[in-house]
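Single-structure report; data block below.
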Amino acid sequence: MQSTGRNKFSFIPATGDEQQAMLQKIGLQFDDIVKCFAGNSCVEGGLQLPDGLTEDQMVEYWDTMMSRNSGPRKASLLGAGAYMHFIPAVVPHLASLPGFVTAYTPYQPEISQGTLQSLFEFQSFMVELTDMELANCSMYDGASSTAEAMLMAHRVKKADRVLVAATVNPNYLATVRTYLEPHGIAVDVVKMNGDGRVSMEDLESKLSVTACSAVLVQSPNYLGIIEDLGAIGTIVHRHDALFVESFTEAMALGLLKYGVGTGADVVVGDGQSLGLSMSFGGPHLGVFATLKKYNRDFPGRIVGESIDTKGRQAFVMTLRAREQDIRREKATSNICSNHALNALTAAVYLGSVGESGFRALACENVAKLQKLVSGLEATGHFTRVFKQSPVFNEAVLASSIAPEDMRSRLAGVPVFPPLALARSIVPEVQGMPHTYLICATEMLKDSILKQVLGALS
Amino acid sequence: MQSTGRNKFSFIPATGDEQQAMLQKIGLQFDDIVKCFAGNSCVEGGLQLPDGLTEDQMVEYWDTMMSRNSGPRKASLLGAGAYMHFIPAVVPHLASLPGFVTAYTPYQPEISQGTLQSLFEFQSFMVELTDMELANCSMYDGASSTAEAMLMAHRVKKADRVLVAATVNPNYLATVRTYLEPHGIAVDVVKMNGDGRVSMEDLESKLSVTACSAVLVQSPNYLGIIEDLGAIGTIVHRHDALFVESFTEAMALGLLKYGVGTGADVVVGDGQSLGLSMSFGGPHLGVFATLKKYNRDFPGRIVGESIDTKGRQAFVMTLRAREQDIRREKATSNICSNHALNALTAAVYLGSVGESGFRALACENVAKLQKLVSGLEATGHFTRVFKQSPVFNEAVLASSIAPEDMRSRLAGVPVFPPLALARSIVPEVQGMPHTYLICATEMLKDSILKQVLGALS
Amino acid sequence: MTLFEKSVAGRSAFSFGFEEDRAVAERYIPEFARAAVKSLPQVAELDLVRHFTNLATMNYGVDTGFYPLGSCTMKYNPKINERMAADPRLTVRHPLDDAAGNQGILQMEFELKESLQEITGMDDFTLQPACGAHGELTGMLIIHAYMRDHDAKRTKVLIPDSAHGTNPASASMAGFQVVTVPSNERGGVDMDALDKLMDDTVAAIMLTNPNTVGLFEENITRIAELVHTRGGLLYYDGANLNALMGLIRPGDLGFDVVHLNLHKTFATPHGGGGPGAAPVGVKKFLADYLPIPVVVCRDGQYALDENRPHTIGRMSGFYGNTAVLARAYVYIKMMGRDGLLATSRAAVINANYVKALLSPYFPPAYDRPVMHETVLSAKGYDKYGVTLLDIAKRLMDYGYHPPTIYFPHFPPYAEEVMMVEPTESESKETMDSFCDALIKISQEAKENPDLLLSAPHDTVVTRVNETYAARHLITSHRDKKGT
Amino acid sequence: MTLFEKSVAGRSAFSFGFEEDRAVAERYIPEFARAAVKSLPQVAELDLVRHFTNLATMNYGVDTGFYPLGSCTMKYNPKINERMAADPRLTVRHPLDDAAGNQGILQMEFELKESLQEITGMDDFTLQPACGAHGELTGMLIIHAYMRDHDAKRTKVLIPDSAHGTNPASASMAGFQVVTVPSNERGGVDMDALDKLMDDTVAAIMLTNPNTVGLFEENITRIAELVHTRGGLLYYDGANLNALMGLIRPGDLGFDVVHLNLHKTFATPHGGGGPGAAPVGVKKFLADYLPIPVVVCRDGQYALDENRPHTIGRMSGFYGNTAVLARAYVYIKMMGRDGLLATSRAAVINANYVKALLSPYFPPAYDRPVMHETVLSAKGYDKYGVTLLDIAKRLMDYGYHPPTIYFPHFPPYAEEVMMVEPTESESKETMDSFCDALIKISQEAKENPDLLLSAPHDTVVTRVNETYAARHLITSHRDKKGT
Ligand SMILES: Cc1ncc(COP(=O)(O)O)c(C=O)c1O
Ligand SMILES: Cc1ncc(COP(=O)(O)O)c(C=O)c1O
């Protein structure tokens, strides 16, 4: 294709000569083939795209572009759905092995046991951590999993109304609305109490009006507060709706109660905290766990243990009759590819931190937030809102420091600044007109915490 | 071992309980075992080392430490034995696959075909590029390979004297001296001519005095100049010595003549440029190629093609009878582990750039240096020394700019500053009291070159 | 053996500078703390490494060998893409941090959007959808919202019988009623049927072009005209765009909404089933409906625009799979205009080459040139007592991943068809030896059918019992303990 | 099939922003340019990726399974070490750049030196040697230079018959005459023989301790006294230090020079045969002889000291294998004082455990507790017509890497011995199943020796013909073309 006789594109092996030879052998010209375009003109003058870059040029271009981001940070006061945690080196090392990365969905189990078994292990982890009976092998992210849970509840219960706690992450709520809208399912919001948690009274009363298919509650909720899922579950079941528990911070699974013990029908959430980087919001990891009685209703793929013709342990996708490729418009979801490699990553991560390690991490997150909050309160510029309510690794603080000031004070500290909340969400605090949702994880080492407190004093 | 009941060391699986159980099963106490220390007291109070760091602590510690280096650069005016070249992403990706990285020397060929075949391919690349008949599967680096070549020549020729061109890299010369010293082999230096190349007259005359085992010449030499290896080879062979050709810049193998055509008995050098990072000087890659007639004399391991019991192609280490584990004090070298993974890396690199690509790279290096030199000369602050002598990607320039000034002018440019040479090495240039060995590779993109010239104008 | 079964109490690969502080739970969350999870595996780091390293080798991937899985475009995933996507300046960026701190990423996304617009001939794009099906849902929700605003009686969507299962599933998830359009005897849309079905209750038709038999829809101009004239919209499932880049653009053909599978055409790895990324492009009149946020560029500053009153809302928690988008971006940048064209040309040539070589043994349903993939039939082999499944399993013994089998499932393909998509990444030798293997297997079918019936033989497990899995439903370690 | 055999003219994975400029050679180096190398492989990137990805799976490594290769300390290579060593702040640093720009690396090297001094009880260290043998040569050159200055008649070196082959080879390469010291019936140095041999022509004795049969040299104090009193020095081959960390220090035992294999004891990966790193430690009186440069710290600034008049010179082009040193540094930092002790304890317990389990089937030569490895005999099996080699090959079918076989080769071990070194990285289950396999094989030897004679069966190739290799001497692709 070129003067040097060398192929220009490293990703296309065939040389011009070879292509000619192939076409000759099969008695076709390329123009014969595109005759099928039948009058539809080809792209005139070719695509208006620049010439391709070579790899060295690409690296230079990329480098210039990425240097326009402010650099990576060592910790984050910003959470609200994406969390900065430590990722042990062994996790990306294993998750990036070519056998895992370059395989398709495991349609042929005999040559896909690596993916299948890893996903089975992921499901096992999710079942243990959510305390549910069944987990699929991943969804896209927490928000879309949550929306799918609401759709499933609707399939099961058929009532054209669902309730969502006001304390649910607003992006999750928006996603739920987007998914339910075309089905004419009403999405009613259950009020928040003065303690930053969902109001039991409002829940009770809204459930009493007409039938609901589902009630969605997030814990820790958007404001970082731990909801009383058990108490809510009791109310929900009294009204014969499905109880959907949601989480954005998977680290909480190490310490908080979810699942059957709190009356959940579905537990959904985002697994990004389990060994995945934030990557500006994706790809993250949708978790979906439910009860066995819904095993014809839930969305997404699932792997089951089986045996091969010699009786050896082997894994295979199962409960396939719910899926789009078989059931088409009657499928329990349209989901096809999911986030398998991220599920595998989460399994590696959980295998790496282990049983007591995962709990230690959860405790450390709680402890770090408490340390941060009391440090901030000691500066006099901050006070916690919803003081009495238990929190995990995020909390709402009122402050005298305005967002722009906050950014500039923290400019020299290697942390992402906290999220400024719209005033309307939380009660006003005298002399502290600004409100922040502040996060702390195990990454907030004491040395960094000191810098943060120094900058905000 | 710990209050939590969890093992403290992730790299040691056995728990305290398990170790107890094992000892019990075999009827031993640990103290029984160390009784063999017989009166030699154990380390009293333990080693005076700090407590271990956990992985997250380690990352923090490392990060702080490494931030004390001035950051990586995009190109280098510094060469002199270590060269900055572009490394395609596919190279480290493949060379870091766990099967390659975590294997030992391929003593058991049936489960080591990956290493063995890769090394066979490395040898094949070296044979083609050095134009020799035989290449071993790596040595430590260019300097030690060169020293081993001189020792081999001494084994073959037995004369207690060798000649080394004055234009050889001084660290290579020092290494040769270190290796030869205990054997009482005299190392005489052949003078440099006014053109920066080895003096044929001095070579001829020094060869005529007494017998020599070997003559060592480097090309491109330390000053970047291409030696006339063919002409030297003729002289060397007239005097019945072995001709050892050496290189520090493997990229030159793409364009320059070495090997049988120039009368070489051995071609040695460093393969760092073939896809390996500089890494502050190591690990690099020793290349050793020679003639078949020396196949009982050369140092290091070599892989041969063979067949298995079913007649299939299979690879295995061969010519083992030269080696230390069999011949002990009579071995052709003490070398045991070599730099196998780096040899494999070089094979991947050469496979990636390919036949015409490798030559294109070599040409680009030549062109880039010429561009740099003429740019620098145009500033009026530089002039090339040894103007008439052909160079590859390094050249000596005299300059009015002093080394400290050079450093500070280049501080804002992402390049490693050039090497300041001791004045004594090269002829003086009027008004330009400082001398530099300046390197340019394909990394010196026009945009960076422009910055360099701007800073030095 | 699963990691759970390898667990030994007390083992650990946990290496953090703290231990569980039991007081924390008691002090701060007394009522809500669960009992310790007692059933997670406890392993040392080497146990973990060996476990997953060995699992990885039990998988077949593009890096291992030929993977001609039709409709899946299993092309080479360049390693440079992985390096770029692992850049901490991307991976360690919080999505809610100021746009000012994310100008590099936003620029990348904006440039990607522009490239996709040019490649498809569409006017605007959202990068948010995570996978193809998610893209379809997004696109159909856009159409749903548009029709709600403009022509609310249109509640049906037409879908050819050859369509991928996600198409009807997505349409239905977007609130539409699905109506199937039969194919004609040339493998395209049956125009008469379409003419009958396309009435004023139809919101849109979803087409894959080239369709799932690898054929370009010859009547596309007539279809577009028909549908548009009668008030419907055209949805383009871009899973098969690999055939068309630089040759023809869905936007120019009349499509109003398209989704692209970056994990197919644009070389991002499949990861054993995602994550992918499936941007959705629309014509100008639909741009207001795109999900928020949309990447925009104003005065050289990149930003995420959330202020779009007509938006369908959000499809995910943030903005999509940035790290996947980055890989596709690098791929497009490196291929450039000539490279993308060369890619589609090569993909098409390869598919026709494989088709021609295999035709005598596995006849294609239509004797027409195909685009990027070909559907071949193994119907005749039942007389030897073997099925397509047996042929596919036997291919594994020859070191190949089988093609997609038993899809598409519509007449005349209802049974025993395989869809072969070599992609442009494969060399002539690879295709030659793959075809040789299939031809040899066709011989074996006659001479020694048992070899096929008992295949695969050389894999880590032999055929896996699906019925057993369905009957026992062991889908987690907990289920095993129970049994 | 090698990459050369997969070459197709015109293929390429070259992706740089320039092409060959033929004018360059003609213009700048007319006489010296070679003809184009016409025989390098030409492959596309995917060809390359598949080639090496598949080769990688044909290798057995620590990450794959148990690798009890005696004397090689095949322990786990932590992945965090790889991440740190790939830091561009280390990999993209030129060795000749100012020390001011390399303070981080030099600090790392200096701290590593200090740790190694503490671990071994030595006074100073060079980090320059690339591998164990290179360290030995360095150490013996130091002794050679010292003796040249102090007692030039000492031209011999004593080496036990059990020593690793590199010991005599290194001594001889350092200009010494090698004299072999026999072992006694307890596996240690024969003291009477030593007494006779240790005269005033002897410069040093080289010892491995624990020695290559895994035994601690009981008479070490007496040996040290004897050698020192008679004017000789003690060299310590530290390949087996994994047994002793935190328990006992070679420096305290009287050794004057030691080398360490960081690629054994300190967890850096073996890479199929290097690169490693083998720092050499010396007592103060020898420090002046260390090769240049030496990392020093002056007023908090780290520097490379080249001004050392007594130095033996240089052992390499720069300063040693920095990226390997970095891995070992991270390992030591993470293990810390307790961790290193726990490592040696565990290594010793594991070796004794395996020894005990296997003793009934493969008797050890001495019934003494061993340190980190054990030597077991398969002598009795010749009566079934099988050799140790057959047993080793059969182990591969069970999924294990065989132990080191036929080494050490000295009486009473001359034949049929295997050296098993489990290392601390291995779990009880792994060792149990390994021992079960060997015991099963010992059974098979009696009942079905053919199974062993034809082993391995489950590997990518069966036994490889060494004679064929030696006779045909095909050591490059060029040789093949020739034949
Ligand atoms: C034609 C077609 N459409 C849609 C999809 C769905 O894409 P995804 O799996 O990314 O959801 C696929 C993937 O198999 C496909 O082949
Ligand atoms: C006891 C002993 N000494 C020295 C060496 C040589 O080390 P290297 O292979 O790194 O040169 C070895 C390695 O096998 C060994 O086991």
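Residue numbering restarts at 1 for every chain of the structure tokens, chains are lettered A, B, ... in their displayed order, and ligands are numbered from 1 as they appear.
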Ligand 1 neighbours within 8 Å using only C-alpha atoms and all ligand atoms, as a JSON list (two decimals) with N, CA, C and O atoms, in the first residue's frame:
```json
[["chain", "number", "residue", "atom", "x", "y", "z"],
["A", 334, "ASN", "N", -33.34, -5.88, 28.53],
["A", 334, "ASN", "CA", -32.63, -5.95, 27.25],
["A", 334, "ASN", "C", -31.16, -6.23, 27.44],
["A", 334, "ASN", "O", -30.42, -6.36, 26.47],
["A", 335, "ILE", "N", -30.69, -6.32, 28.68],
["A", 335, "ILE", "CA", -29.25, -6.36, 28.92],
["A", 335, "ILE", "C", -28.60, -7.56, 28.26],
["A", 335, "ILE", "O", -29.11, -8.67, 28.29],
["A", 336, "CYS", "N", -27.47, -7.31, 27.65],
["A", 336, "CYS", "CA", -26.73, -8.34, 26.92],
["A", 336, "CYS", "C", -25.31, -8.31, 27.48],
["A", 336, "CYS", "O", -25.08, -8.88, 28.54],
["A", 337, "SER", "N", -24.36, -7.61, 26.86],
["A", 337, "SER", "CA", -23.08, -7.40, 27.53],
["A", 337, "SER", "C", -23.35, -6.66, 28.84],
["A", 337, "SER", "O", -24.22, -5.79, 28.90],
["A", 338, "ASN", "N", -22.60, -7.01, 29.87],
["A", 338, "ASN", "CA", -22.77, -6.30, 31.13],
["A", 338, "ASN", "C", -21.41, -5.70, 31.52],
["A", 338, "ASN", "O", -20.70, -5.21, 30.65],
["C", 70, "GLY", "N", -19.66, -14.27, 14.94],
["C", 70, "GLY", "CA", -20.46, -13.36, 14.13],
["C", 70, "GLY", "C", -21.26, -12.40, 14.96],
["C", 70, "GLY", "O", -21.77, -12.75, 16.03],
["C", 71, "SER", "N", -21.38, -11.17, 14.50],
["C", 71, "SER", "CA", -22.12, -10.10, 15.15],
["C", 71, "SER", "C", -21.35, -9.50, 16.33],
["C", 71, "SER", "O", -21.83, -8.56, 16.95],
["C", 72, "CYS", "N", -20.18, -10.05, 16.62],
["C", 72, "CYS", "CA", -19.47, -9.59, 17.82],
["C", 72, "CYS", "C", -18.19, -8.82, 17.50],
["C", 72, "CYS", "O", -17.60, -8.20, 18.39],
["C", 130, "ALA", "N", -23.75, 2.39, 28.33],
["C", 130, "ALA", "CA", -22.67, 1.51, 28.76],
["C", 130, "ALA", "C", -22.42, 0.36, 27.80],
["C", 130, "ALA", "O", -21.31, -0.13, 27.70],
["C", 131, "CYS", "N", -23.46, -0.12, 27.13],
["C", 131, "CYS", "CA", -23.31, -1.23, 26.21],
["C", 131, "CYS", "C", -24.33, -1.05, 25.10],
["C", 131, "CYS", "O", -25.14, -0.11, 25.13],
["C", 132, "GLY", "N", -24.28, -1.96, 24.12],
["C", 132, "GLY", "CA", -25.17, -1.82, 22.99],
["C", 132, "GLY", "C", -26.64, -1.76, 23.38],
["C", 132, "GLY", "O", -27.38, -0.87, 22.94],
["C", 133, "ALA", "N", -27.06, -2.67, 24.22],
["C", 133, "ALA", "CA", -28.46, -2.70, 24.62],
["C", 133, "ALA", "C", -28.85, -1.41, 25.35],
["C", 133, "ALA", "O", -29.96, -0.90, 25.19],
["C", 134, "HIS", "N", -27.94, -0.88, 26.10],
["C", 134, "HIS", "CA", -28.17, 0.37, 26.82],
["C", 134, "HIS", "C", -28.31, 1.52, 25.82],
["C", 134, "HIS", "O", -29.13, 2.42, 26.00],
["C", 135, "GLY", "N", -27.50, 1.45, 24.77],
["C", 135, "GLY", "CA", -27.60, 2.43, 23.71],
["C", 135, "GLY", "C", -28.95, 2.35, 23.02],
["C", 135, "GLY", "O", -29.61, 3.36, 22.76],
["C", 136, "GLU", "N", -29.39, 1.12, 22.74],
["C", 136, "GLU", "CA", -30.69, 0.94, 22.10],
["C", 136, "GLU", "C", -31.81, 1.53, 22.96],
["C", 136, "GLU", "O", -32.70, 2.22, 22.47],
["C", 163, "ALA", "N", -33.48, -9.51, 13.45],
["C", 163, "ALA", "CA", -32.80, -8.61, 14.39],
["C", 163, "ALA", "C", -32.24, -9.33, 15.61],
["C", 163, "ALA", "O", -32.71, -10.39, 16.01],
["C", 164, "HIS", "N", -31.23, -8.73, 16.15],
["C", 164, "HIS", "CA", -30.64, -9.20, 17.40],
["C", 164, "HIS", "C", -31.68, -9.06, 18.51],
["C", 164, "HIS", "O", -32.48, -8.12, 18.50],
["C", 165, "GLY", "N", -31.66, -9.97, 19.47],
["C", 165, "GLY", "CA", -32.66, -9.99, 20.53],
["C", 165, "GLY", "C", -32.75, -8.71, 21.34],
["C", 165, "GLY", "O", -33.81, -8.38, 21.89],
["C", 166, "THR", "N", -31.66, -7.98, 21.41],
["C", 166, "THR", "CA", -31.72, -6.75, 22.19],
["C", 166, "THR", "C", -32.66, -5.74, 21.56],
["C", 166, "THR", "O", -33.23, -4.91, 22.26],
["C", 167, "ASN", "N", -32.82, -5.78, 20.24],
["C", 167, "ASN", "CA", -33.68, -4.78, 19.58],
["C", 167, "ASN", "C", -35.11, -4.84, 20.09],
["C", 167, "ASN", "O", -35.62, -3.85, 20.62],
["C", 208, "THR", "N", -30.67, -3.18, 11.50],
["C", 208, "THR", "CA", -29.24, -3.40, 11.59],
["C", 208, "THR", "C", -28.77, -3.48, 10.16],
["C", 208, "THR", "O", -29.36, -4.21, 9.36],
["C", 211, "ASN", "N", -27.26, -6.22, 7.90],
["C", 211, "ASN", "CA", -28.08, -6.92, 8.87],
["C", 211, "ASN", "C", -27.36, -8.16, 9.43],
["C", 211, "ASN", "O", -26.19, -8.40, 9.12],
["C", 212, "THR", "N", -28.05, -8.90, 10.25],
["C", 212, "THR", "CA", -27.35, -9.98, 10.95],
["C", 212, "THR", "C", -27.05, -11.19, 10.07],
["C", 212, "THR", "O", -26.47, -12.15, 10.54],
["C", 237, "ASP", "N", -29.13, 0.10, 14.45],
["C", 237, "ASP", "CA", -28.30, -0.67, 15.37],
["C", 237, "ASP", "C", -26.92, -0.78, 14.73],
["C", 237, "ASP", "O", -26.72, -1.48, 13.74],
["C", 238, "GLY", "N", -25.97, -0.08, 15.31],
["C", 238, "GLY", "CA", -24.65, 0.05, 14.69],
["C", 238, "GLY", "C", -23.67, -1.06, 15.02],
["C", 238, "GLY", "O", -22.47, -0.91, 14.79],
["C", 239, "ALA", "N", -24.18, -2.15, 15.54],
["C", 239, "ALA", "CA", -23.28, -3.24, 15.91],
["C", 239, "ALA", "C", -22.45, -3.71, 14.72],
["C", 239, "ALA", "O", -21.35, -4.24, 14.89],
["C", 240, "ASN", "N", -22.97, -3.49, 13.52],
["C", 240, "ASN", "CA", -22.26, -3.98, 12.34],
["C", 240, "ASN", "C", -21.60, -2.88, 11.53],
["C", 240, "ASN", "O", -21.32, -3.05, 10.35],
["C", 261, "ASN", "N", -21.47, 0.23, 18.85],
["C", 261, "ASN", "CA", -20.81, -0.55, 19.89],
["C", 261, "ASN", "C", -19.31, -0.30, 19.80],
["C", 261, "ASN", "O", -18.63, -0.88, 18.94],
["C", 263, "HIS", "N", -17.18, -1.34, 21.68],
["C", 263, "HIS", "CA", -16.51, -2.60, 21.99],
["C", 263, "HIS", "C", -16.60, -3.58, 20.82],
["C", 263, "HIS", "O", -16.18, -4.72, 20.95],
["C", 273, "GLY", "N", -17.49, -10.02, 28.50],
["C", 273, "GLY", "CA", -18.87, -9.57, 28.62],
["C", 273, "GLY", "C", -18.96, -8.16, 29.17],
["C", 273, "GLY", "O", -19.75, -7.89, 30.08],
["C", 274, "GLY", "N", -18.18, -7.26, 28.65],
["C", 274, "GLY", "CA", -18.22, -5.88, 29.08],
["C", 274, "GLY", "C", -17.17, -5.57, 30.13],
["C", 274, "GLY", "O", -16.49, -6.49, 30.57],
["C", 276, "GLY", "N", -18.48, -2.21, 27.98],
["C", 276, "GLY", "CA", -18.32, -1.64, 26.66],
["C", 276, "GLY", "C", -18.67, -0.17, 26.71],
["C", 276, "GLY", "O", -18.55, 0.47, 27.77],
["C", 277, "ALA", "N", -19.11, 0.34, 25.58],
["C", 277, "ALA", "CA", -19.62, 1.71, 25.53],
["C", 277, "ALA", "C", -20.37, 1.84, 24.23],
["C", 277, "ALA", "O", -19.93, 1.33, 23.20],
["C", 278, "ALA", "N", -21.53, 2.48, 24.28],
["C", 278, "ALA", "CA", -22.37, 2.53, 23.09],
["C", 278, "ALA", "C", -22.99, 3.91, 22.91],
["C", 278, "ALA", "O", -24.17, 4.14, 23.17]]
```
task: May I have the residues within 10 Å of stretch 416-421 of chain A as JSON, numbers by chain, using only C-alpha atoms and disregarding those fewer than 5 positions away in the same chain?
output: {"A": [72, 73, 74, 75, 76, 77, 78, 79, 80, 84, 223, 396, 397, 398, 402, 403, 404, 406, 407, 408, 409, 410, 411, 426, 434, 435, 436, 437, 438, 439, 440, 452], "C": [93, 94, 96, 97, 98, 101]}
message: List as number ranges by chain the protein and nucleic acid residues near stretch 174-190 of chain C, meaning an atom at most 8 Å away when only C-alpha atoms are counted, but skip any in the same chain fewer than 3 places from it.
response: A: 179, 182-183, 329; C: 137, 140-141, 144, 155-162, 168, 170-171, 193-194, 197, 211, 213, 215-219, 366
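When only C-alpha atoms are used to measure the gap to chain A, the shortest distance among C:Lys283, C:Lys153, C:Arg463, C:His228 belongs to C:Arg463.
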field: atom CA of C:Ala33 to atom CA of A:Leu285, distance in Å rounded to a single decimal
entry: 24.1 Å
message: Would you pick out the contacts of C:Thr2 at 12 Å or less, using only C-alpha atoms, so that residues sharing its chain but fewer than 5 positions from it are not included, and give the list as an NGL selection string?
response: (:A and (113-114 or 116-125 or 305 or 313-315 or 347 or 351)) or (:C and (7 or 40-43 or 47-48 or 50-52 or 54-55 or 476-478 or 480))
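Atom CA of D:Gln128 lies 5.0 Å from atom CA of D:Tyr319.
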